[in-house]
$ cat start-v5.txt   # compact mmCIF, C-alpha atoms
# COMPACT_ATOMS: atom_id res chain seq x y z
CA MET U 1 107.10 -131.12 -57.44
CA ASN U 2 106.74 -134.72 -58.52
CA LEU U 3 105.49 -134.93 -62.08
CA ILE U 4 103.85 -138.34 -61.68
CA ASP U 5 101.89 -137.08 -58.67
CA LEU U 6 100.80 -134.01 -60.65
CA LEU U 7 99.61 -136.15 -63.54
CA ASN U 8 97.67 -138.36 -61.16
CA TRP U 9 96.17 -135.31 -59.44
CA ARG U 10 94.94 -133.78 -62.67
CA TYR U 11 91.86 -134.99 -64.51
CA ALA U 12 89.48 -133.47 -67.02
CA ALA U 13 87.35 -131.48 -64.57
CA LYS U 14 83.73 -131.61 -65.69
CA LYS U 15 82.38 -129.10 -63.18
CA MET U 16 84.28 -125.99 -62.27
CA ASP U 17 83.54 -123.64 -59.40
CA PRO U 18 83.04 -120.11 -60.77
CA SER U 19 83.45 -118.69 -57.25
CA LYS U 20 87.09 -119.75 -57.11
CA PRO U 21 89.05 -117.66 -59.61
CA VAL U 22 92.47 -118.65 -60.87
CA PRO U 23 95.01 -116.03 -59.73
CA ALA U 24 96.51 -113.99 -62.56
CA ASP U 25 100.09 -114.95 -61.70
CA LYS U 26 99.24 -118.63 -62.13
CA LEU U 27 97.76 -117.93 -65.55
CA GLU U 28 100.93 -116.09 -66.57
CA ARG U 29 103.18 -118.98 -65.56
CA ILE U 30 100.99 -121.44 -67.49
CA LEU U 31 101.17 -119.24 -70.60
CA GLU U 32 104.91 -118.81 -70.23
CA ALA U 33 105.33 -122.59 -70.12
CA VAL U 34 103.33 -122.93 -73.34
CA ARG U 35 105.36 -120.17 -74.96
CA LEU U 36 108.56 -122.06 -74.11
CA ALA U 37 107.29 -125.35 -75.55
CA PRO U 38 109.39 -126.56 -78.47
CA THR U 39 107.93 -126.80 -81.96
CA SER U 40 109.09 -128.09 -85.31
CA SER U 41 111.94 -125.90 -86.65
CA GLY U 42 111.13 -123.48 -83.84
CA LEU U 43 108.35 -121.91 -85.89
CA GLN U 44 105.77 -121.83 -83.08
CA PRO U 45 102.95 -122.21 -85.62
CA PHE U 46 100.11 -121.50 -83.22
CA GLU U 47 98.77 -118.85 -80.91
CA VAL U 48 96.79 -118.95 -77.70
CA VAL U 49 93.70 -116.82 -77.22
CA VAL U 50 92.82 -116.28 -73.55
CA VAL U 51 89.17 -115.47 -73.03
CA SER U 52 87.92 -114.21 -69.68
CA ARG U 53 85.13 -111.88 -70.87
CA ARG U 54 82.02 -113.45 -69.39
CA GLU U 55 79.64 -112.56 -72.23
CA LEU U 56 81.98 -114.11 -74.77
CA LEU U 57 82.40 -117.25 -72.67
CA ALA U 58 78.62 -117.55 -72.53
CA GLN U 59 78.53 -117.24 -76.32
CA LEU U 60 81.26 -119.85 -76.72
CA GLN U 61 79.55 -122.41 -74.51
CA PRO U 62 76.95 -123.50 -77.08
CA ALA U 63 79.77 -123.91 -79.62
CA ALA U 64 81.35 -126.38 -77.19
CA ARG U 65 78.34 -128.67 -76.85
CA GLY U 66 77.16 -126.68 -73.88
CA GLN U 67 79.99 -127.89 -71.65
CA SER U 68 79.69 -125.94 -68.40
CA GLN U 69 83.42 -125.46 -67.87
CA VAL U 70 83.51 -123.03 -70.78
CA ALA U 71 81.21 -120.67 -68.88
CA ASP U 72 82.41 -121.47 -65.35
CA CYS U 73 86.18 -121.30 -65.91
CA SER U 74 88.34 -118.33 -65.00
CA TYR U 75 90.12 -118.36 -68.35
CA LEU U 76 89.46 -120.26 -71.53
CA LEU U 77 92.63 -121.03 -73.49
CA VAL U 78 91.96 -121.44 -77.19
CA PHE U 79 94.80 -123.16 -79.03
CA ALA U 80 94.70 -121.80 -82.58
CA ALA U 81 97.02 -123.24 -85.22
CA TRP U 82 98.30 -121.38 -88.26
CA ASP U 83 96.09 -122.16 -91.23
CA ASP U 84 99.20 -122.41 -93.44
CA TYR U 85 102.97 -121.93 -93.48
CA THR U 86 103.63 -118.86 -95.60
CA ALA U 87 106.98 -117.39 -96.63
CA GLU U 88 106.17 -114.34 -94.54
CA ARG U 89 105.58 -116.41 -91.39
CA ILE U 90 108.69 -118.52 -91.91
CA ASN U 91 110.85 -115.46 -92.59
CA ARG U 92 109.51 -113.64 -89.55
CA MET U 93 110.66 -116.45 -87.24
CA PHE U 94 114.07 -116.83 -88.86
CA ASP U 95 114.59 -113.05 -88.79
CA LEU U 96 113.63 -112.96 -85.13
CA THR U 97 116.10 -115.74 -84.37
CA ASN U 98 118.92 -113.93 -86.17
CA ARG U 99 118.07 -110.71 -84.36
CA GLU U 100 117.93 -112.38 -80.95
CA ARG U 101 121.14 -114.32 -81.44
CA GLY U 102 122.94 -111.38 -83.00
CA PHE U 103 124.40 -113.19 -86.00
CA THR U 104 123.48 -115.03 -89.17
CA ASN U 105 124.76 -118.46 -90.04
CA GLU U 106 125.14 -120.16 -93.39
CA GLY U 107 123.69 -123.50 -92.31
CA TRP U 108 120.73 -121.81 -90.66
CA GLU U 109 120.05 -119.73 -93.80
CA ALA U 110 120.24 -122.85 -95.95
CA TYR U 111 117.68 -124.43 -93.63
CA ARG U 112 115.43 -121.37 -94.02
CA ALA U 113 115.73 -121.63 -97.80
CA MET U 114 114.80 -125.31 -97.65
CA LEU U 115 111.69 -124.58 -95.58
CA LEU U 116 110.72 -121.67 -97.85
CA LYS U 117 110.99 -123.96 -100.85
CA SER U 118 109.16 -126.94 -99.37
CA TYR U 119 106.57 -125.77 -96.82
CA PRO U 120 104.39 -123.29 -98.73
CA ALA U 121 104.33 -125.70 -101.70
CA ARG U 122 102.83 -128.50 -99.61
CA GLY U 123 99.46 -126.78 -99.50
CA ALA U 124 97.44 -125.25 -96.69
CA GLU U 125 95.76 -128.41 -95.43
CA VAL U 126 99.00 -130.36 -94.95
CA ASN U 127 100.54 -127.33 -93.28
CA PHE U 128 97.57 -126.77 -90.99
CA GLN U 129 97.64 -130.41 -89.87
CA HIS U 130 101.34 -130.08 -89.14
CA ALA U 131 100.82 -126.83 -87.25
CA ALA U 132 97.99 -128.43 -85.26
CA ARG U 133 100.34 -131.15 -84.04
CA GLN U 134 102.72 -128.49 -82.77
CA ALA U 135 99.85 -126.85 -80.91
CA TYR U 136 99.26 -130.20 -79.20
CA ILE U 137 102.81 -130.16 -77.83
CA GLY U 138 101.79 -126.86 -76.25
CA LEU U 139 98.60 -128.47 -75.02
CA GLY U 140 100.59 -131.22 -73.32
CA VAL U 141 102.87 -128.69 -71.67
CA ALA U 142 99.86 -126.57 -70.61
CA LEU U 143 98.28 -129.58 -68.89
CA VAL U 144 101.41 -130.12 -66.83
CA ALA U 145 101.83 -126.40 -66.16
CA ALA U 146 98.26 -126.08 -64.88
CA ALA U 147 98.69 -129.09 -62.61
CA ALA U 148 101.95 -127.62 -61.29
CA GLU U 149 99.92 -124.56 -60.27
CA GLN U 150 97.18 -126.76 -58.78
CA VAL U 151 94.83 -125.36 -61.37
CA ASP U 152 92.31 -127.64 -63.03
CA SER U 153 92.25 -127.80 -66.79
CA THR U 154 90.07 -129.68 -69.21
CA PRO U 155 91.42 -130.37 -72.68
CA MET U 156 88.52 -130.24 -75.14
CA GLU U 157 88.13 -131.22 -78.77
CA GLY U 158 84.37 -131.50 -78.56
CA PHE U 159 83.48 -128.14 -80.06
CA ASP U 160 82.56 -126.58 -83.38
CA PRO U 161 85.79 -125.06 -84.71
CA ALA U 162 84.01 -122.96 -87.33
CA ALA U 163 81.76 -121.40 -84.68
CA VAL U 164 84.66 -120.74 -82.31
CA ASP U 165 86.75 -119.30 -85.14
CA ALA U 166 83.89 -116.98 -86.06
CA LEU U 167 83.26 -115.78 -82.50
CA LEU U 168 86.96 -115.01 -82.01
CA GLY U 169 87.69 -113.73 -85.52
CA LEU U 170 90.41 -116.34 -85.99
CA ARG U 171 90.15 -117.08 -89.70
CA GLU U 172 90.78 -113.43 -90.58
CA ARG U 173 94.03 -113.76 -88.65
CA GLY U 174 95.03 -116.95 -90.47
CA LEU U 175 94.28 -119.11 -87.44
CA ARG U 176 92.07 -122.15 -86.82
CA SER U 177 91.05 -123.36 -83.37
CA VAL U 178 92.18 -126.92 -82.61
CA ALA U 179 91.67 -127.34 -78.86
CA LEU U 180 90.09 -125.56 -75.91
CA MET U 181 91.32 -125.62 -72.35
CA PRO U 182 89.26 -124.00 -69.59
CA LEU U 183 91.29 -123.17 -66.48
CA GLY U 184 89.55 -123.12 -63.13
CA HIS U 185 89.03 -125.08 -59.95
CA ARG U 186 87.04 -128.28 -59.70
CA GLN U 187 83.76 -128.07 -57.81
CA SER U 188 84.44 -130.94 -55.43
CA GLY U 189 81.45 -133.11 -54.74
CA GLN U 190 79.63 -131.75 -57.81
CA ASP U 191 81.78 -133.38 -60.49
CA TRP U 192 80.85 -136.92 -61.52
CA LEU U 193 84.31 -137.62 -62.90
CA GLU U 194 86.32 -136.50 -59.89
CA PRO U 195 85.87 -139.66 -57.77
CA LEU U 196 86.32 -142.11 -60.65
CA LYS U 197 89.55 -144.02 -61.09
CA LYS U 198 91.89 -142.76 -63.79
CA VAL U 199 92.22 -145.54 -66.35
CA ARG U 200 95.21 -146.10 -68.59
CA ARG U 201 96.44 -149.18 -70.43
CA ALA U 202 99.03 -151.13 -68.46
CA MET U 203 102.64 -150.24 -69.21
CA GLY U 204 103.11 -153.55 -71.04
CA GLU U 205 100.29 -152.67 -73.44
CA PHE U 206 101.54 -149.16 -74.02
CA VAL U 207 105.30 -149.56 -74.33
CA THR U 208 107.33 -152.05 -76.38
CA ARG U 209 111.03 -152.44 -75.65
CA VAL U 210 113.71 -153.46 -78.11
CA GLU U 211 116.78 -154.03 -75.96
CA MET F 1 110.97 -128.21 -59.43
CA ASN F 2 110.14 -125.03 -61.28
CA LEU F 3 108.59 -125.81 -64.64
CA ILE F 4 109.71 -122.59 -66.31
CA ASP F 5 113.32 -123.27 -65.27
CA LEU F 6 113.06 -126.80 -66.63
CA LEU F 7 111.73 -125.57 -69.96
CA ASN F 8 114.54 -123.04 -70.18
CA TRP F 9 117.11 -125.71 -69.28
CA ARG F 10 115.95 -128.10 -71.97
CA TYR F 11 116.79 -127.68 -75.64
CA ALA F 12 116.95 -129.99 -78.62
CA ALA F 13 120.35 -131.51 -77.92
CA LYS F 14 122.19 -132.02 -81.19
CA LYS F 15 125.14 -133.97 -79.78
CA MET F 16 124.69 -136.55 -77.09
CA ASP F 17 127.43 -138.21 -75.06
CA PRO F 18 127.20 -141.99 -75.46
CA SER F 19 129.44 -142.46 -72.41
CA LYS F 20 126.79 -141.03 -70.08
CA PRO F 21 123.88 -143.49 -69.98
CA VAL F 22 120.43 -142.50 -68.75
CA PRO F 23 119.62 -144.51 -65.59
CA ALA F 24 116.81 -147.01 -66.03
CA ASP F 25 114.70 -145.52 -63.21
CA LYS F 26 114.67 -142.17 -64.99
CA LEU F 27 113.46 -143.82 -68.20
CA GLU F 28 110.67 -145.53 -66.28
CA ARG F 29 109.44 -142.27 -64.76
CA ILE F 30 109.47 -140.59 -68.16
CA LEU F 31 107.44 -143.44 -69.66
CA GLU F 32 105.02 -143.41 -66.75
CA ALA F 33 104.41 -139.68 -67.30
CA VAL F 34 103.63 -140.32 -70.97
CA ARG F 35 101.33 -143.18 -70.02
CA LEU F 36 99.41 -140.84 -67.71
CA ALA F 37 99.02 -138.14 -70.36
CA PRO F 38 95.39 -137.49 -71.24
CA THR F 39 94.04 -138.25 -74.70
CA SER F 40 90.77 -137.68 -76.51
CA SER F 41 88.02 -139.84 -74.97
CA GLY F 42 90.76 -141.59 -73.00
CA LEU F 43 91.53 -143.87 -75.94
CA GLN F 44 95.34 -143.51 -75.75
CA PRO F 45 95.59 -144.04 -79.50
CA PHE F 46 99.34 -144.44 -79.62
CA GLU F 47 102.15 -146.55 -78.30
CA VAL F 48 105.77 -145.87 -77.47
CA VAL F 49 108.55 -148.12 -78.72
CA VAL F 50 111.74 -147.82 -76.68
CA VAL F 51 114.82 -148.84 -78.62
CA SER F 52 118.14 -149.38 -76.86
CA ARG F 53 119.57 -152.18 -79.02
CA ARG F 54 122.68 -150.59 -80.52
CA GLU F 55 122.56 -152.39 -83.88
CA LEU F 56 118.98 -151.27 -84.40
CA LEU F 57 119.78 -147.68 -83.42
CA ALA F 58 122.59 -147.74 -85.99
CA GLN F 59 120.08 -148.96 -88.59
CA LEU F 60 117.58 -146.28 -87.61
CA GLN F 61 120.09 -143.44 -87.88
CA PRO F 62 120.11 -143.26 -91.70
CA ALA F 63 116.30 -143.20 -91.63
CA ALA F 64 116.57 -140.08 -89.46
CA ARG F 65 118.74 -138.08 -91.83
CA GLY F 66 121.83 -139.41 -90.11
CA GLN F 67 121.18 -137.42 -86.95
CA SER F 68 123.81 -138.53 -84.44
CA GLN F 69 121.53 -138.51 -81.41
CA VAL F 70 119.71 -141.56 -82.77
CA ALA F 71 122.90 -143.59 -82.46
CA ASP F 72 124.37 -141.84 -79.39
CA CYS F 73 121.28 -141.79 -77.16
CA SER F 74 120.63 -144.22 -74.35
CA TYR F 75 117.05 -144.82 -75.44
CA LEU F 76 115.16 -143.82 -78.53
CA LEU F 77 111.46 -143.26 -77.92
CA VAL F 78 109.37 -143.81 -81.03
CA PHE F 79 105.89 -142.32 -80.77
CA ALA F 80 103.66 -144.50 -82.93
CA ALA F 81 100.05 -143.54 -83.52
CA TRP F 82 97.22 -145.93 -84.30
CA ASP F 83 96.71 -146.12 -88.06
CA ASP F 84 92.94 -146.10 -87.51
CA TYR F 85 90.23 -146.20 -84.85
CA THR F 86 88.60 -149.61 -85.11
CA ALA F 87 85.63 -150.97 -83.17
CA GLU F 88 87.95 -153.49 -81.55
CA ARG F 89 90.32 -150.79 -80.30
CA ILE F 90 87.49 -148.58 -79.03
CA ASN F 91 85.79 -151.46 -77.29
CA ARG F 92 88.99 -152.63 -75.66
CA MET F 93 89.47 -149.24 -73.99
CA PHE F 94 85.86 -148.92 -72.84
CA ASP F 95 85.90 -152.51 -71.53
CA LEU F 96 89.12 -151.80 -69.64
CA THR F 97 87.57 -148.70 -68.10
CA ASN F 98 84.49 -150.60 -66.98
CA ARG F 99 86.64 -153.36 -65.52
CA GLU F 100 88.92 -150.93 -63.69
CA ARG F 101 86.08 -148.85 -62.31
CA GLY F 102 84.00 -151.89 -61.45
CA PHE F 103 80.73 -150.73 -62.95
CA THR F 104 79.02 -149.81 -66.19
CA ASN F 105 77.17 -146.59 -66.76
CA GLU F 106 74.44 -145.71 -69.21
CA GLY F 107 75.92 -142.38 -70.26
CA TRP F 108 79.35 -143.91 -70.76
CA GLU F 109 77.88 -146.74 -72.85
CA ALA F 110 75.98 -144.22 -74.96
CA TYR F 111 79.26 -142.40 -75.48
CA ARG F 112 80.90 -145.67 -76.56
CA ALA F 113 78.09 -146.29 -79.03
CA MET F 114 78.50 -142.80 -80.45
CA LEU F 115 82.23 -143.31 -80.98
CA LEU F 116 81.66 -146.75 -82.50
CA LYS F 117 79.20 -145.24 -84.92
CA SER F 118 81.24 -142.19 -85.89
CA TYR F 119 84.98 -142.95 -85.62
CA PRO F 120 85.49 -146.03 -87.84
CA ALA F 121 83.25 -144.42 -90.49
CA ARG F 122 85.50 -141.36 -90.76
CA GLY F 123 88.17 -143.31 -92.57
CA ALA F 124 91.71 -144.31 -91.64
CA GLU F 125 93.47 -141.12 -92.68
CA VAL F 126 91.27 -138.81 -90.61
CA ASN F 127 91.60 -141.18 -87.69
CA PHE F 128 95.36 -141.46 -87.99
CA GLN F 129 95.72 -137.67 -88.05
CA HIS F 130 93.57 -137.46 -84.94
CA ALA F 131 95.57 -140.18 -83.20
CA ALA F 132 98.82 -138.44 -84.16
CA ARG F 133 97.67 -135.28 -82.37
CA GLN F 134 97.09 -137.30 -79.22
CA ALA F 135 100.60 -138.72 -79.50
CA TYR F 136 101.85 -135.13 -79.55
CA ILE F 137 100.23 -134.50 -76.16
CA GLY F 138 102.37 -137.41 -74.97
CA LEU F 139 105.36 -135.86 -76.71
CA GLY F 140 104.82 -132.59 -74.83
CA VAL F 141 104.55 -134.42 -71.52
CA ALA F 142 107.66 -136.50 -72.33
CA LEU F 143 109.67 -133.33 -72.95
CA VAL F 144 108.78 -132.01 -69.53
CA ALA F 145 109.29 -135.40 -67.88
CA ALA F 146 112.77 -135.75 -69.36
CA ALA F 147 113.71 -132.25 -68.24
CA ALA F 148 112.41 -133.02 -64.75
CA GLU F 149 114.87 -135.92 -64.67
CA GLN F 150 117.66 -133.71 -66.06
CA VAL F 151 117.74 -135.92 -69.11
CA ASP F 152 118.21 -134.37 -72.53
CA SER F 153 115.66 -135.15 -75.19
CA THR F 154 115.39 -134.11 -78.81
CA PRO F 155 111.98 -134.17 -80.44
CA MET F 156 112.40 -135.16 -84.09
CA GLU F 157 110.11 -135.13 -87.07
CA GLY F 158 112.94 -135.18 -89.59
CA PHE F 159 112.88 -138.87 -90.40
CA ASP F 160 111.43 -141.26 -92.96
CA PRO F 161 108.34 -142.75 -91.29
CA ALA F 162 108.04 -145.58 -93.81
CA ALA F 163 111.63 -146.67 -93.16
CA VAL F 164 111.23 -146.44 -89.37
CA ASP F 165 107.93 -148.32 -89.54
CA ALA F 166 109.58 -151.07 -91.58
CA LEU F 167 112.59 -151.41 -89.26
CA LEU F 168 110.33 -151.68 -86.21
CA GLY F 169 107.52 -153.69 -87.81
CA LEU F 170 104.98 -151.03 -86.90
CA ARG F 171 102.56 -151.23 -89.85
CA GLU F 172 101.85 -154.89 -89.12
CA ARG F 173 100.79 -153.79 -85.64
CA GLY F 174 98.52 -151.06 -86.98
CA LEU F 175 100.91 -148.31 -85.93
CA ARG F 176 102.64 -145.44 -87.74
CA SER F 177 105.63 -143.55 -86.37
CA VAL F 178 104.98 -139.82 -85.93
CA ALA F 179 107.86 -138.55 -83.80
CA LEU F 180 111.19 -139.71 -82.40
CA MET F 181 112.74 -138.68 -79.13
CA PRO F 182 116.27 -139.76 -78.25
CA LEU F 183 117.00 -139.62 -74.53
CA GLY F 184 120.55 -139.02 -73.39
CA HIS F 185 122.92 -136.41 -72.04
CA ARG F 186 124.21 -133.46 -74.01
CA GLN F 187 127.90 -133.51 -74.88
CA SER F 188 128.74 -130.11 -73.47
CA GLY F 189 131.16 -128.14 -75.57
CA GLN F 190 130.53 -130.37 -78.61
CA ASP F 191 126.98 -129.26 -79.37
CA TRP F 192 126.60 -126.18 -81.59
CA LEU F 193 123.08 -125.49 -80.34
CA GLU F 194 123.82 -125.64 -76.61
CA PRO F 195 125.28 -122.12 -76.23
CA LEU F 196 122.74 -120.41 -78.50
CA LYS F 197 119.91 -118.37 -77.06
CA LYS F 198 116.50 -120.00 -77.01
CA VAL F 199 114.24 -117.90 -79.22
CA ARG F 200 110.48 -117.61 -78.86
CA ARG F 201 108.03 -114.97 -80.03
CA ALA F 202 107.31 -112.35 -77.39
CA MET F 203 104.28 -113.04 -75.22
CA GLY F 204 102.36 -110.25 -76.97
CA GLU F 205 102.84 -111.95 -80.33
CA PHE F 206 101.88 -115.36 -79.01
CA VAL F 207 98.91 -114.66 -76.74
CA THR F 208 95.80 -112.58 -77.39
CA ARG F 209 93.58 -111.66 -74.45
CA VAL F 210 89.87 -111.00 -74.56
CA GLU F 211 89.06 -109.63 -71.14

$ encode --input "start-v5.txt" --output "structure tokens"
Amino acid sequence: MNLIDLLNWRYAAKKMDPSKPVPADKLERILEAVRLAPTSSGLQPFEVVVVSRRELLAQLQPAARGQSQVADCSYLLVFAAWDDYTAERINRMFDLTNRERGFTNEGWEAYRAMLLKSYPARGAEVNFQHAARQAYIGLGVALVAAAAEQVDSTPMEGFDPAAVDALLGLRERGLRSVALMPLGHRQSGQDWLEPLKKVRRAMGEFVTRVE
Amino acid sequence: MNLIDLLNWRYAAKKMDPSKPVPADKLERILEAVRLAPTSSGLQPFEVVVVSRRELLAQLQPAARGQSQVADCSYLLVFAAWDDYTAERINRMFDLTNRERGFTNEGWEAYRAMLLKSYPARGAEVNFQHAARQAYIGLGVALVAAAAEQVDSTPMEGFDPAAVDALLGLRERGLRSVALMPLGHRQSGQDWLEPLKKVRRAMGEFVTRVE
């Protein structure tokens, strides 16, 4: 697997073929990659909702500006960030880490205390924005993971988060949708974007070097 | 290359070995992967500054809470998001796309007009936050790209953005640092984090399925 080739192969599929389902084992490997993505302080402040129920996908489509991939995909990944960092959420992750590693550590506990003191006090909006950024690390990893499985994926921000949150009951769970990603297979010949050249700024206009 | 294995291999190296430089061709492939990462509307609203000048790395270290990787890495990637979406920046990307694809398109031009009308009016802070999220997609791709090259990378938010911006002259260029990523090689046996188990929430506490 050559990562550059994968990134050139992938594009934001605009038309997916509902007759070509994504195999379940591919979905699982994509989700596992997202689960392994690193996040700030290891808190993993987001969840992924995987929707494959056809009626619900049909209901979600209007909330995503009618984009056809939402209805035609095999699975819709909804990246949902924590609406806030609470003491309970922070403690749960630190407790899990201690349990998994089988010991506690003074420095680690001091770090927990620092987060408990500073994060909840910052306010929900600051914390949500921070959590959303972490979800986008997962989004980046998911894009690569899908391409590695030769599965098409379309990262989407063009949707009504309040409507999606309501349809999925996210707010009650302390979550807010930040990005959608339908997984499926491109309908070759039916997708206007497929034949168009991928455009990126030249390296010299994207990277500055201080040597 | 198995992506899951790569994600399990990588970790946030806390101690890098300055005697093991990262080969230049590996750096270039990592940067190319980040350049190919998708972003909202294809605007690529961030840049990457690559610092390898030792004196500057030594100056940056105190701005990053003294973290040793900043001084010991081969290259420090600074992810710097646009401070705002301006008409000039939006137009430059749409013009580039038209030039690269060799044609203009009514729907695409209508989309440009919509962005020109809505984005600059949202205000700099909203736009910066949005641009920062896009930079985090690049961050996620960079993490995978580094692992694919068997290069250690440490995503960092624990730094003083104002100090980093000042040292690199970013604000004058309309950029704001949002994440650092030193690239190097772990100093095995000297890094407290290396032997510790990677901890993530169980799949059932990370993913919800609606089937």

$ atom_distance --input "start-v5.txt" --atom1 "atom CA of Glu55 of chain F" --atom2 "atom CA of Glu32 of chain F"
26.1 Å

$ atom_distance --input "start-v5.txt" --atom1 "atom CA of Trp9 of chain U" --atom2 "atom CA of Ser41 of chain F"
18.1 Å

$ closest_residue --input "start-v5.txt" --among "F:Leu175, F:Ala163, F:Ala202, F:Ala146" --to "Leu7 of chain F" --atoms "only C-alpha atoms"
F:Ala146

$ interface_residues --input "start-v5.txt" --of "chain F" --to "chain U" --cutoff "6 Å" --atoms "only C-alpha atoms" --output "count of residues only"
23

$ axis_aligned_box --input "start-v5.txt" --around "segment 21-29 of chain F" --padding-each-side "4 Å" --output "lines of an AutoDock Vina configuration file"
center_x = 116.7
center_y = -144.6
center_z = -66.6
size_x = 22.4
size_y = 12.8
size_z = 14.8

$ residues_around --input "start-v5.txt" --residues "Gly66 of chain F" --least-positions-apart "6" --cutoff "10 Å" --atoms "all atoms listed in the file" --output "number ranges by chain"
F: 58-60, 158-159

$ write_last_selection --input "start-v5.txt" --atoms "C-alpha atoms" --output "CSV table (one decimal), keeping the file's coordinate frame"
chain,number,residue,atom,x,y,z
F,58,ALA,CA,122.6,-147.7,-86.0
F,59,GLN,CA,120.1,-149.0,-88.6
F,60,LEU,CA,117.6,-146.3,-87.6
F,158,GLY,CA,112.9,-135.2,-89.6
F,159,PHE,CA,112.9,-138.9,-90.4

$ atom_distance --input "start-v5.txt" --atom1 "atom CA of Asp17 of chain U" --atom2 "atom CA of Asp72 of chain U"
6.4 Å
